[in-house]
$ cat structure37.cif   # mmCIF, C-alpha atoms
data_final
loop_
_atom_site.label_atom_id
_atom_site.label_comp_id
_atom_site.auth_asym_id
_atom_site.auth_seq_id
_atom_site.Cartn_x
_atom_site.Cartn_y
_atom_site.Cartn_z
CA MET A 41 64.52 -264.65 128.64
CA ALA A 42 65.21 -262.39 125.68
CA ASP A 43 63.38 -259.08 125.68
CA PRO A 44 60.69 -259.27 122.98
CA ASN A 45 60.39 -255.49 122.79
CA PRO A 46 61.89 -253.40 120.00
CA PRO A 47 64.92 -251.23 120.76
CA LEU A 48 64.30 -247.53 121.25
CA ARG A 49 66.65 -246.42 118.51
CA TYR A 50 65.79 -248.08 115.22
CA PRO A 51 67.04 -245.90 112.36
CA ASP A 52 64.90 -247.60 109.70
CA TYR A 53 61.94 -246.05 111.52
CA LYS A 54 63.04 -242.50 110.94
CA SER A 55 61.14 -240.76 113.74
CA THR A 56 63.19 -242.67 116.31
CA ARG A 57 66.34 -240.83 115.23
CA LEU A 58 65.41 -237.64 117.07
CA ARG A 59 63.09 -239.05 119.69
CA ALA A 60 64.70 -242.19 121.06
CA PRO A 61 66.69 -241.51 124.22
CA ALA A 62 70.44 -241.73 123.65
CA ARG A 63 71.01 -243.31 127.06
CA THR A 64 70.07 -246.89 127.84
CA PRO A 65 67.15 -246.80 130.29
CA PHE A 66 68.28 -247.09 133.89
CA PRO A 67 67.27 -250.46 135.37
CA LEU A 68 65.09 -249.84 138.39
CA ARG A 69 63.21 -252.21 140.61
CA VAL A 70 59.50 -251.42 140.46
CA SER A 71 58.14 -249.67 143.50
CA GLU A 72 55.05 -250.81 145.37
CA ARG A 73 53.21 -248.00 143.63
CA GLU A 74 53.76 -249.60 140.23
CA LEU A 75 52.34 -252.94 141.32
CA SER A 76 48.83 -251.51 141.32
CA ALA A 77 47.01 -250.11 138.30
CA PRO A 78 44.27 -247.60 137.52
CA VAL A 79 40.81 -249.08 137.99
CA PHE A 80 38.12 -247.86 135.63
CA ARG A 81 34.55 -248.29 136.88
CA PRO A 82 32.41 -250.61 134.75
CA SER A 83 29.65 -248.00 134.75
CA LEU A 84 31.80 -245.89 132.43
CA PHE A 85 31.34 -248.36 129.57
CA THR A 86 28.42 -249.41 127.38
CA PRO A 87 28.36 -252.29 124.88
CA ALA A 88 28.26 -249.74 122.05
CA ASP A 89 31.71 -248.51 123.07
CA ALA A 90 33.13 -251.81 121.85
CA ASP A 91 31.30 -251.77 118.51
CA LEU A 92 33.09 -249.51 116.05
CA THR A 93 30.41 -250.16 113.42
CA ARG A 94 27.76 -248.45 115.53
CA GLN A 95 29.28 -245.09 116.41
CA SER A 96 27.08 -243.17 114.02
CA ASN A 97 23.65 -243.23 112.42
CA GLY A 98 24.80 -245.33 109.49
CA GLU A 99 27.02 -248.31 108.85
CA PRO A 100 30.64 -247.85 107.89
CA ILE A 101 31.91 -249.16 104.55
CA GLY A 102 34.16 -252.20 104.56
CA GLN A 103 34.56 -255.77 105.69
CA ARG A 104 32.93 -256.22 109.08
CA ILE A 105 35.18 -258.16 111.46
CA ILE A 106 35.16 -259.33 115.04
CA VAL A 107 38.47 -259.01 116.83
CA ALA A 108 38.64 -260.97 120.06
CA GLY A 109 41.08 -262.64 122.37
CA ARG A 110 42.26 -263.06 125.93
CA VAL A 111 44.45 -260.75 127.90
CA LEU A 112 46.79 -262.78 130.12
CA ASP A 113 49.76 -262.11 132.31
CA ALA A 114 53.10 -263.86 131.85
CA ASP A 115 51.97 -266.66 134.18
CA GLY A 116 48.96 -267.37 132.00
CA ARG A 117 46.45 -265.83 134.40
CA ALA A 118 43.52 -263.88 133.01
CA VAL A 119 43.68 -260.11 133.37
CA ARG A 120 40.13 -259.27 134.45
CA GLY A 121 38.16 -256.05 134.28
CA SER A 122 41.05 -254.29 132.58
CA LEU A 123 40.80 -251.40 130.13
CA VAL A 124 41.47 -252.07 126.45
CA GLU A 125 41.30 -249.18 123.97
CA ILE A 126 41.67 -249.56 120.20
CA TRP A 127 41.84 -247.22 117.21
CA GLN A 128 42.42 -247.71 113.52
CA SER A 129 42.03 -246.32 110.02
CA ASN A 130 38.88 -246.94 108.00
CA ALA A 131 38.57 -249.48 105.18
CA ALA A 132 40.20 -247.04 102.73
CA GLY A 133 43.22 -246.55 105.00
CA ARG A 134 42.29 -243.08 106.26
CA TYR A 135 42.16 -242.05 109.92
CA ALA A 136 39.44 -239.75 111.19
CA HIS A 137 42.14 -237.49 112.61
CA ASN A 138 43.09 -234.02 111.46
CA VAL A 139 46.74 -234.94 111.02
CA ASP A 140 45.95 -237.63 108.47
CA GLN A 141 45.62 -235.96 105.08
CA HIS A 142 46.11 -239.09 103.00
CA ASN A 143 44.18 -238.93 99.75
CA ALA A 144 41.62 -241.59 100.65
CA PRO A 145 38.00 -240.99 101.58
CA LEU A 146 36.85 -240.39 105.12
CA ASP A 147 33.93 -242.47 106.25
CA PRO A 148 31.40 -240.31 108.11
CA HIS A 149 30.14 -243.43 109.86
CA PHE A 150 33.51 -244.55 111.16
CA PRO A 151 35.30 -242.52 113.85
CA GLY A 152 37.49 -245.59 114.27
CA PHE A 153 37.97 -246.15 117.98
CA GLY A 154 36.50 -248.16 120.84
CA ARG A 155 37.09 -249.36 124.38
CA LEU A 156 35.97 -251.95 126.89
CA LEU A 157 36.91 -253.78 130.08
CA THR A 158 37.99 -257.39 129.80
CA ASP A 159 35.59 -259.92 131.29
CA ASP A 160 36.15 -262.33 134.16
CA ALA A 161 38.09 -264.73 131.96
CA GLY A 162 40.22 -261.94 130.46
CA TRP A 163 38.33 -261.88 127.14
CA TYR A 164 37.83 -258.81 125.03
CA ARG A 165 35.70 -258.57 121.87
CA PHE A 166 35.38 -255.69 119.45
CA VAL A 167 33.26 -255.43 116.32
CA THR A 168 34.84 -253.23 113.69
CA ILE A 169 35.72 -253.13 109.99
CA ARG A 170 38.98 -254.32 108.53
CA PRO A 171 41.38 -251.35 108.31
CA GLY A 172 43.13 -250.51 105.07
CA ALA A 173 46.85 -250.03 104.58
CA TYR A 174 48.04 -246.45 104.31
CA PRO A 175 51.07 -244.65 102.94
CA TRP A 176 53.48 -242.78 105.19
CA SER A 177 56.57 -240.74 104.50
CA ASN A 178 59.16 -242.87 106.26
CA HIS A 179 60.80 -243.94 102.99
CA TYR A 180 59.97 -244.11 99.30
CA ASN A 181 56.68 -245.94 98.58
CA ALA A 182 56.22 -246.78 102.25
CA TRP A 183 52.93 -248.28 103.36
CA ARG A 184 51.91 -249.36 106.84
CA PRO A 185 50.43 -252.84 106.87
CA ALA A 186 46.76 -252.91 107.92
CA HIS A 187 46.77 -252.63 111.71
CA ILE A 188 44.70 -251.88 114.77
CA HIS A 189 46.27 -249.93 117.63
CA PHE A 190 45.83 -251.49 121.05
CA SER A 191 46.31 -249.85 124.46
CA LEU A 192 46.14 -252.03 127.59
CA PHE A 193 46.57 -251.47 131.31
CA GLY A 194 46.76 -254.84 133.01
CA SER A 195 46.62 -255.48 136.73
CA CYS A 196 49.89 -253.69 137.41
CA TYR A 197 50.96 -250.26 136.14
CA ALA A 198 54.36 -251.61 135.13
CA HIS A 199 52.57 -253.83 132.58
CA ARG A 200 51.05 -250.96 130.63
CA LEU A 201 51.30 -251.76 126.93
CA VAL A 202 50.67 -249.87 123.70
CA THR A 203 51.05 -252.02 120.62
CA GLN A 204 49.67 -252.75 117.15
CA MET A 205 47.85 -255.80 115.82
CA TYR A 206 48.48 -256.95 112.26
CA PHE A 207 46.82 -259.49 109.97
CA ALA A 208 48.39 -262.80 108.99
CA GLY A 209 49.61 -262.98 105.42
CA ASP A 210 49.87 -259.23 104.83
CA PRO A 211 52.66 -258.76 102.27
CA LEU A 212 53.47 -255.32 103.69
CA LEU A 213 54.73 -256.83 106.94
CA GLU A 214 58.04 -257.81 105.37
CA LEU A 215 58.60 -254.20 104.32
CA ASP A 216 57.43 -252.39 107.47
CA PRO A 217 60.16 -251.00 109.75
CA ILE A 218 57.81 -250.54 112.72
CA SER A 219 56.78 -254.20 112.95
CA LYS A 220 60.25 -255.34 111.92
CA SER A 221 61.79 -253.46 114.83
CA VAL A 222 60.50 -256.29 117.01
CA PRO A 223 62.99 -259.18 117.38
CA GLU A 224 62.10 -261.79 114.78
CA GLU A 225 61.28 -264.53 117.24
CA ALA A 226 58.66 -262.33 118.93
CA ARG A 227 57.15 -260.76 115.83
CA ASP A 228 54.37 -263.31 115.35
CA ARG A 229 52.89 -262.24 118.70
CA LEU A 230 51.64 -259.12 116.92
CA ILE A 231 49.83 -261.07 114.21
CA SER A 232 46.12 -261.90 114.40
CA ASN A 233 44.70 -264.98 112.72
CA PHE A 234 41.42 -265.70 111.04
CA ASP A 235 39.33 -267.75 113.44
CA LEU A 236 36.22 -269.59 112.26
CA SER A 237 34.98 -270.07 115.81
CA LEU A 238 34.80 -266.28 116.23
CA THR A 239 33.22 -265.81 112.82
CA GLU A 240 29.48 -265.17 112.91
CA GLU A 241 27.44 -266.55 110.06
CA GLY A 242 26.17 -263.79 107.82
CA VAL A 243 27.62 -261.10 110.07
CA ALA A 244 31.37 -260.85 110.36
CA LEU A 245 34.69 -262.64 109.98
CA GLY A 246 36.47 -263.36 113.23
CA TYR A 247 40.09 -262.70 114.10
CA ARG A 248 41.81 -264.00 117.20
CA PHE A 249 44.48 -261.94 118.95
CA ASP A 250 45.61 -262.83 122.45
CA ILE A 251 47.76 -260.41 124.40
CA VAL A 252 50.25 -261.28 127.14
CA LEU A 253 51.29 -258.53 129.52
CA GLY A 254 54.50 -258.71 131.48
CA GLY A 255 57.32 -256.80 133.11
CA SER A 256 60.76 -256.03 131.73
CA ALA A 257 63.38 -258.60 130.87
CA GLU A 258 65.40 -260.09 133.67
CA THR A 259 68.83 -258.63 134.24
CA PRO A 260 71.67 -260.92 133.12
CA MET A 261 72.18 -261.98 136.71
CA GLY A 262 68.51 -262.82 137.18
CA LEU A 263 66.28 -261.58 139.99
CA MET B 113 59.39 -256.59 145.14
CA THR B 114 59.76 -256.99 141.42
CA ALA B 115 57.34 -257.21 138.57
CA LYS B 116 57.34 -260.65 136.95
CA PRO B 117 60.12 -261.10 134.40
CA LYS B 118 59.03 -261.47 130.81
CA GLY B 119 58.11 -264.97 129.72
CA PRO B 120 58.45 -266.19 126.14
CA GLY B 121 54.95 -265.08 125.21
CA VAL B 122 54.85 -261.43 126.25
CA THR B 123 53.37 -259.20 123.55
CA PRO B 124 55.90 -256.67 122.23
CA SER B 125 55.37 -252.94 122.21
CA GLN B 126 54.84 -250.78 119.14
CA THR B 127 54.72 -247.04 118.71
CA ILE B 128 51.50 -245.23 119.64
CA GLY B 129 51.71 -243.34 116.32
CA PRO B 130 50.32 -239.85 115.65
CA PHE B 131 46.59 -240.64 115.39
CA PHE B 132 45.59 -241.54 118.95
CA HIS B 133 43.98 -238.30 120.12
CA GLU B 134 40.29 -238.87 119.47
CA ALA B 135 40.51 -242.45 120.67
CA LEU B 136 42.14 -241.65 124.00
CA ALA B 137 40.57 -238.23 124.68
CA TRP B 138 37.73 -239.69 126.79
CA ALA B 139 40.26 -240.31 129.57
CA CYS B 140 42.22 -237.07 129.17
CA THR B 141 41.33 -235.36 132.38
CA PRO B 142 41.19 -231.59 132.49
CA VAL B 143 43.64 -230.21 135.01
CA ALA B 144 41.81 -229.12 138.10
CA SER B 145 43.41 -228.82 141.47
CA ASP B 146 41.68 -229.58 144.68
CA GLY B 147 43.05 -229.29 148.13
CA ASP B 148 46.45 -230.90 148.26
CA ASP B 149 47.14 -230.83 144.52
CA VAL B 150 49.94 -228.85 142.97
CA ARG B 151 50.19 -228.06 139.27
CA VAL B 152 53.13 -229.32 137.22
CA GLU B 153 53.75 -227.80 133.80
CA GLY B 154 56.31 -228.52 131.14
CA VAL B 155 57.17 -229.23 127.56
CA VAL B 156 58.32 -232.33 125.72
CA VAL B 157 61.25 -231.73 123.34
CA ASP B 158 63.19 -233.95 120.97
CA GLY B 159 66.89 -234.37 120.25
CA HIS B 160 67.04 -231.00 118.51
CA GLY B 161 65.20 -229.25 121.29
CA GLN B 162 62.09 -229.02 119.13
CA PRO B 163 58.68 -229.35 120.80
CA VAL B 164 56.98 -232.70 120.45
CA ASP B 165 53.38 -231.82 119.65
CA ASP B 166 52.08 -235.39 119.41
CA ALA B 167 53.17 -236.95 122.70
CA LEU B 168 50.92 -238.50 125.33
CA LEU B 169 51.80 -238.42 129.02
CA GLU B 170 50.17 -240.62 131.61
CA ILE B 171 50.51 -239.84 135.28
CA TRP B 172 50.12 -242.49 137.96
CA GLN B 173 50.03 -241.59 141.58
CA PRO B 174 48.09 -244.36 143.33
CA ALA B 175 45.22 -243.09 145.43
CA ASP B 176 42.23 -244.62 147.03
CA ALA B 177 38.93 -244.20 145.22
CA ALA B 178 37.76 -241.51 147.57
CA ALA B 179 40.46 -239.14 146.39
CA HIS B 180 39.75 -237.14 143.25
CA GLU B 181 36.18 -238.24 142.97
CA GLY B 182 35.77 -236.67 139.56
CA ARG B 183 38.48 -238.76 137.96
CA LEU B 184 37.69 -241.69 135.74
CA ALA B 185 40.21 -243.78 137.64
CA ALA B 186 41.59 -242.64 140.98
CA GLY B 187 45.25 -241.72 140.80
CA PHE B 188 45.41 -241.66 137.01
CA GLN B 189 45.73 -238.76 134.56
CA ARG B 190 46.31 -238.62 130.87
CA VAL B 191 47.31 -235.54 128.88
CA ALA B 192 48.38 -234.97 125.27
CA THR B 193 50.93 -232.28 124.46
CA ASP B 194 49.59 -229.25 122.61
CA ALA B 195 50.89 -227.68 119.41
CA ALA B 196 53.80 -226.17 121.37
CA GLY B 197 54.66 -229.49 123.03
CA ARG B 198 53.27 -228.34 126.39
CA PHE B 199 51.46 -230.33 129.04
CA ALA B 200 50.13 -229.81 132.56
CA PHE B 201 48.97 -232.18 135.28
CA THR B 202 48.47 -232.21 139.01
CA VAL B 203 50.34 -234.04 141.73
CA ARG B 204 48.88 -234.68 145.14
CA LYS B 205 51.32 -233.29 147.66
CA ASP B 206 51.21 -232.56 151.35
CA PRO B 207 52.54 -229.10 152.09
CA GLU B 208 55.08 -230.62 154.49
CA SER B 209 56.64 -233.29 152.33
CA ALA B 210 57.82 -234.18 148.83
CA ALA B 211 55.69 -236.23 146.45
CA VAL B 212 56.40 -238.50 143.50
CA ALA B 213 54.34 -239.43 140.46
CA HIS B 214 55.05 -242.06 137.85
CA ILE B 215 55.06 -240.88 134.27
CA THR B 216 54.86 -242.81 131.01
CA VAL B 217 55.56 -240.99 127.76
CA PHE B 218 54.22 -242.26 124.43
CA ALA B 219 54.75 -240.72 120.99
CA ARG B 220 55.34 -241.35 117.32
CA GLY B 221 59.02 -242.24 117.09
CA LEU B 222 58.98 -244.06 120.43
CA LEU B 223 58.73 -247.80 119.92
CA ARG B 224 58.10 -248.29 123.64
CA GLY B 225 56.52 -246.12 126.30
CA LEU B 226 59.22 -244.31 128.27
CA ARG B 227 59.05 -244.68 132.04
CA THR B 228 60.13 -241.86 134.27
CA ARG B 229 59.13 -240.10 137.48
CA VAL B 230 58.64 -236.59 138.72
CA TYR B 231 59.65 -235.69 142.26
CA VAL B 232 57.89 -232.61 143.54
CA GLY B 233 59.22 -230.91 146.62
CA ALA B 234 59.49 -227.64 148.35
CA GLY B 235 63.24 -227.94 148.51
CA PRO B 236 66.22 -230.10 147.53
CA SER B 237 66.50 -231.78 150.94
CA GLU B 238 62.86 -232.94 150.90
CA VAL B 239 63.18 -234.38 147.43
CA GLY B 240 66.60 -235.85 148.17
CA GLU B 241 65.27 -237.98 150.98
CA LEU B 242 62.51 -239.39 148.81
CA LEU B 243 64.98 -240.12 146.02
CA TRP B 244 67.14 -242.10 148.43
CA LEU B 245 64.17 -244.05 149.73
CA ASP B 246 63.27 -244.90 146.15
CA GLY B 247 66.70 -246.34 145.48
CA LEU B 248 67.90 -243.52 143.26
CA GLY B 249 70.38 -241.93 145.63
CA ASP B 250 73.40 -243.17 143.69
CA VAL B 251 72.36 -241.78 140.32
CA PRO B 252 74.67 -238.96 139.17
CA SER B 253 73.32 -235.50 139.92
CA PRO B 254 72.69 -234.14 136.42
CA ALA B 255 70.57 -237.14 135.51
CA LEU B 256 68.79 -237.13 138.86
CA ALA B 257 67.99 -233.43 138.49
CA THR B 258 65.89 -234.24 135.41
CA LEU B 259 63.40 -235.97 137.71
CA VAL B 260 62.86 -232.99 139.99
CA ALA B 261 60.11 -230.41 139.48
CA VAL B 262 61.26 -226.92 140.36
CA ALA B 263 58.78 -224.45 141.85
CA ARG B 264 58.44 -221.09 140.13
CA ASP B 265 55.67 -218.64 141.04
CA GLY B 266 53.54 -221.32 142.66
CA VAL B 267 53.76 -223.68 139.72
CA TYR B 268 56.13 -226.59 139.42
CA ARG B 269 58.11 -226.78 136.20
CA TRP B 270 59.27 -230.12 134.79
CA ASP B 271 60.24 -230.78 131.18
CA VAL B 272 60.73 -234.02 129.29
CA ARG B 273 63.80 -234.04 127.07
CA LEU B 274 63.66 -237.19 125.00
CA GLN B 275 67.23 -237.11 123.68
CA GLY B 276 70.54 -235.32 124.00
CA ASP B 277 71.21 -232.27 126.15
CA GLY B 278 69.63 -232.59 129.56
CA GLU B 279 68.02 -235.89 128.53
CA THR B 280 65.44 -237.02 131.04
CA LEU B 281 66.32 -240.10 133.06
CA PHE B 282 64.15 -242.97 131.83
CA PHE B 283 63.82 -246.33 133.54
CA GLU B 284 63.66 -249.96 132.60
CA LEU B 285 61.31 -251.41 135.20
CA LEU B 286 62.47 -254.70 136.68
#
$ encode --input "structure37.cif" --output "structure tokens"
Amino acid sequence: MADPNPPLRYPDYKSTRLRAPARTPFPLRVSERELSAPVFRPSLFTPADADLTRQSNGEPIGQRIIVAGRVLDADGRAVRGSLVEIWQSNAAGRYAHNVDQHNAPLDPHFPGFGRLLTDDAGWYRFVTIRPGAYPWSNHYNAWRPAHIHFSLFGSCYAHRLVTQMYFAGDPLLELDPISKSVPEEARDRLISNFDLSLTEEGVALGYRFDIVLGGSAETPMGL
Amino acid sequence: MTAKPKGPGVTPSQTIGPFFHEALAWACTPVASDGDDVRVEGVVVDGHGQPVDDALLEIWQPADAAAHEGRLAAGFQRVATDAAGRFAFTVRKDPESAAVAHITVFARGLLRGLRTRVYVGAGPSEVGELLWLDGLGDVPSPALATLVAVARDGVYRWDVRLQGDGETLFFELL
């Protein structure tokens, strides 16, 4: 199976030029220790942690959306009770983070992050607002497509994944080196789709984004 | 034992980006040692030797729930580098033997999390044995040395060099 992951060195994404290791990673069989994963107690989480529109004493500006999906392993089994963390810019494309000085308004009602544990069928569900695109200095007139950052643990530490979710039909995707670093045949796995069945009448549009966690590619000789 | 190979549907990785701190801070454990813990300190540097002030390290040293009661998840730590690229974490280690912790490094400019390990030992022979048991005995010495935390004044020092001179040995997990 081809590795769906981006390479480490991808010059079009300029920051990789000084940060990507020069050496190809050394193939190593996972140890027993990496077949387990951190377990976060359910008591650490409240429903409000998964609702990014309710982190303050007022509602954030922007299009309210529900982002939901299933977390599965490569065999199609649900990943249950597993930590999912997300963060994103606000509707104007500004992060509530001191490093982001983009000339777009901050939203005092939108810190822009949330977390939850997947349920017994591997489902997650966040309520948030649709993030805006934002400019970055990678190249002239560069804009990141609207995206939500996802961090997942899975049932096995070797499956730990940090990725980004995009929105179908975003014209910026064709111009974005970060999403384009992913091999073309795997790129659509980062794209969420409008989903009427997740849409709640009078409340929020729904977007479906399933995530599949897995180990590294097989060696050419197979394992 | 191997992790499952990737199937056609596995979700690809993307960079963590520079704006993760507030979102992930809830699980960034302060470094406190109890009993058998030793402190490991270091710095993350890039291909020009410059400190990486926006990296995230995660430390995994499986433990039963009874250990480290204060932790959000037993055996797990998360720490962001500071403005000088520095980090610190603890490793559970018996005084009589070497220990190993699994490290994942995330940062802007890294399209995937980098997998590595730190071997903490009182001396080269202790660490050497553990390296052999872990299947790393045949790796050339300079690369292998990048996995070993060296004790200095009661604190173990271990740096992460992302690229170039003294580049840390990173793994592709199979």
$ closest_residue --input "structure37.cif" --among "B:Gly240, B:Gly129, B:Gly159, B:Gly233" --to "chain A" --atoms "only C-alpha atoms"
B:Gly159
$ resolve_selection --input "structure37.cif" --expression "the PyMOL selection byres ((chain A) within 6 of (chain B))" --output "number ranges by chain"
A: 44-45, 48, 55-56, 58-59, 61-62, 65-70, 78-80, 114, 153, 202-204, 229, 251-258
$ closest_residue --input "structure37.cif" --among "A:Leu157, A:Leu84, A:Leu213, A:Ile105" --to "Val124 (chain A)" --atoms "all atoms listed in the file"
A:Leu157
$ closest_residue --input "structure37.cif" --among "A:Tyr50, A:Phe249, A:Phe193, A:Phe207" --to "Asp113 (chain A)" --atoms "only C-alpha atoms"
A:Phe193
$ residues_around --input "structure37.cif" --residues "Gly98 (chain A)" --least-positions-apart "6" --cutoff "10 Å" --atoms "only C-alpha atoms" --output "number ranges by chain"
A: 148-150
$ write_last_selection --input "structure37.cif" --atoms "C-alpha atoms" --output "PDB file, keeping the file's coordinate frame"
ATOM      1  CA  PRO A 148      31.400-240.310 108.110  1.00  0.00           C
ATOM      2  CA  HIS A 149      30.140-243.430 109.860  1.00  0.00           C
ATOM      3  CA  PHE A 150      33.510-244.550 111.160  1.00  0.00           C
TER       4      PHE A 150
END
$ residues_around --input "structure37.cif" --residues "region 150-153 of chain B" --least-positions-apart "4" --cutoff "7 Å" --atoms "all atoms listed in the file" --output "list in words"
Ser145, Phe199, Ala200, Phe201, Thr202, Val203, Arg204, Lys205, Val267, Tyr268, Arg269 and Trp270 of chain B
$ closest_residue --input "structure37.cif" --among "A:His179, A:Arg94, A:His187, A:Arg117" --to "Met205 (chain A)" --atoms "all atoms listed in the file"
A:His187
$ residues_around --input "structure37.cif" --residues "Pro100 (chain A)" --least-positions-apart "3" --cutoff "10 Å" --atoms "all atoms listed in the file" --output "PyMOL selection string"
chain A and resi 92-97+103-104+130-131+147-152+168-169
$ closest_residue --input "structure37.cif" --among "A:Leu212, A:Ile126, A:Arg227, A:Arg170" --to "Ile106 (chain A)" --atoms "only C-alpha atoms"
A:Arg170
$ residues_around --input "structure37.cif" --residues "Val239 (chain B)" --least-positions-apart "6" --cutoff "9 Å" --atoms "only C-alpha atoms" --output "list in words"
Ser209, Ala210, Ala211, Val212, Tyr231, Val232, Gly233 and Val260 of chain B
$ resolve_selection --input "structure37.cif" --expression "the PyMOL selection byres ((chain A and resi 184-186) around 9)" --output "PyMOL selection string"
chain A and resi 128-129+133+170-176+182-183+187-188+205-207+210-213+215-219
$ write_last_selection --input "structure37.cif" --atoms "C-alpha atoms" --output "JSON list (two decimals), keeping the file's coordinate frame"
[["chain", "number", "residue", "atom", "x", "y", "z"],
["A", 128, "GLN", "CA", 42.42, -247.71, 113.52],
["A", 129, "SER", "CA", 42.03, -246.32, 110.02],
["A", 133, "GLY", "CA", 43.22, -246.55, 105.00],
["A", 170, "ARG", "CA", 38.98, -254.32, 108.53],
["A", 171, "PRO", "CA", 41.38, -251.35, 108.31],
["A", 172, "GLY", "CA", 43.13, -250.51, 105.07],
["A", 173, "ALA", "CA", 46.85, -250.03, 104.58],
["A", 174, "TYR", "CA", 48.04, -246.45, 104.31],
["A", 175, "PRO", "CA", 51.07, -244.65, 102.94],
["A", 176, "TRP", "CA", 53.48, -242.78, 105.19],
["A", 182, "ALA", "CA", 56.22, -246.78, 102.25],
["A", 183, "TRP", "CA", 52.93, -248.28, 103.36],
["A", 187, "HIS", "CA", 46.77, -252.63, 111.71],
["A", 188, "ILE", "CA", 44.70, -251.88, 114.77],
["A", 205, "MET", "CA", 47.85, -255.80, 115.82],
["A", 206, "TYR", "CA", 48.48, -256.95, 112.26],
["A", 207, "PHE", "CA", 46.82, -259.49, 109.97],
["A", 210, "ASP", "CA", 49.87, -259.23, 104.83],
["A", 211, "PRO", "CA", 52.66, -258.76, 102.27],
["A", 212, "LEU", "CA", 53.47, -255.32, 103.69],
["A", 213, "LEU", "CA", 54.73, -256.83, 106.94],
["A", 215, "LEU", "CA", 58.60, -254.20, 104.32],
["A", 216, "ASP", "CA", 57.43, -252.39, 107.47],
["A", 217, "PRO", "CA", 60.16, -251.00, 109.75],
["A", 218, "ILE", "CA", 57.81, -250.54, 112.72],
["A", 219, "SER", "CA", 56.78, -254.20, 112.95]]
$ axis_aligned_box --input "structure37.cif" --around "region 77-80 of chain A" --padding-each-side "3 Å" --output "lines of an AutoDock Vina configuration file"
center_x = 42.6
center_y = -248.9
center_z = 137.0
size_x = 14.9
size_y = 8.5
size_z = 8.7
$ resolve_selection --input "structure37.cif" --expression "the PyMOL selection byres ((chain A and resi 195) around 9)" --output "count of residues only"
17
$ atom_distance --input "structure37.cif" --atom1 "CA of His189 (chain A)" --atom2 "CA of Val107 (chain A)"
12.0 Å
$ atom_distance --input "structure37.cif" --atom1 "CA of Gly154 (chain B)" --atom2 "CA of Ser177 (chain A)"
29.3 Å
$ residues_near_point --input "structure37.cif" --point "(37.8, -266.6, 110.9)" --cutoff "6 Å" --atoms "all atoms listed in the file" --output "JSON, numbers by chain"
{"A": [234, 235, 236, 239, 245, 246, 247]}
$ atom_distance --input "structure37.cif" --atom1 "CA of Val272 (chain B)" --atom2 "CA of Gln141 (chain A)"
28.6 Å
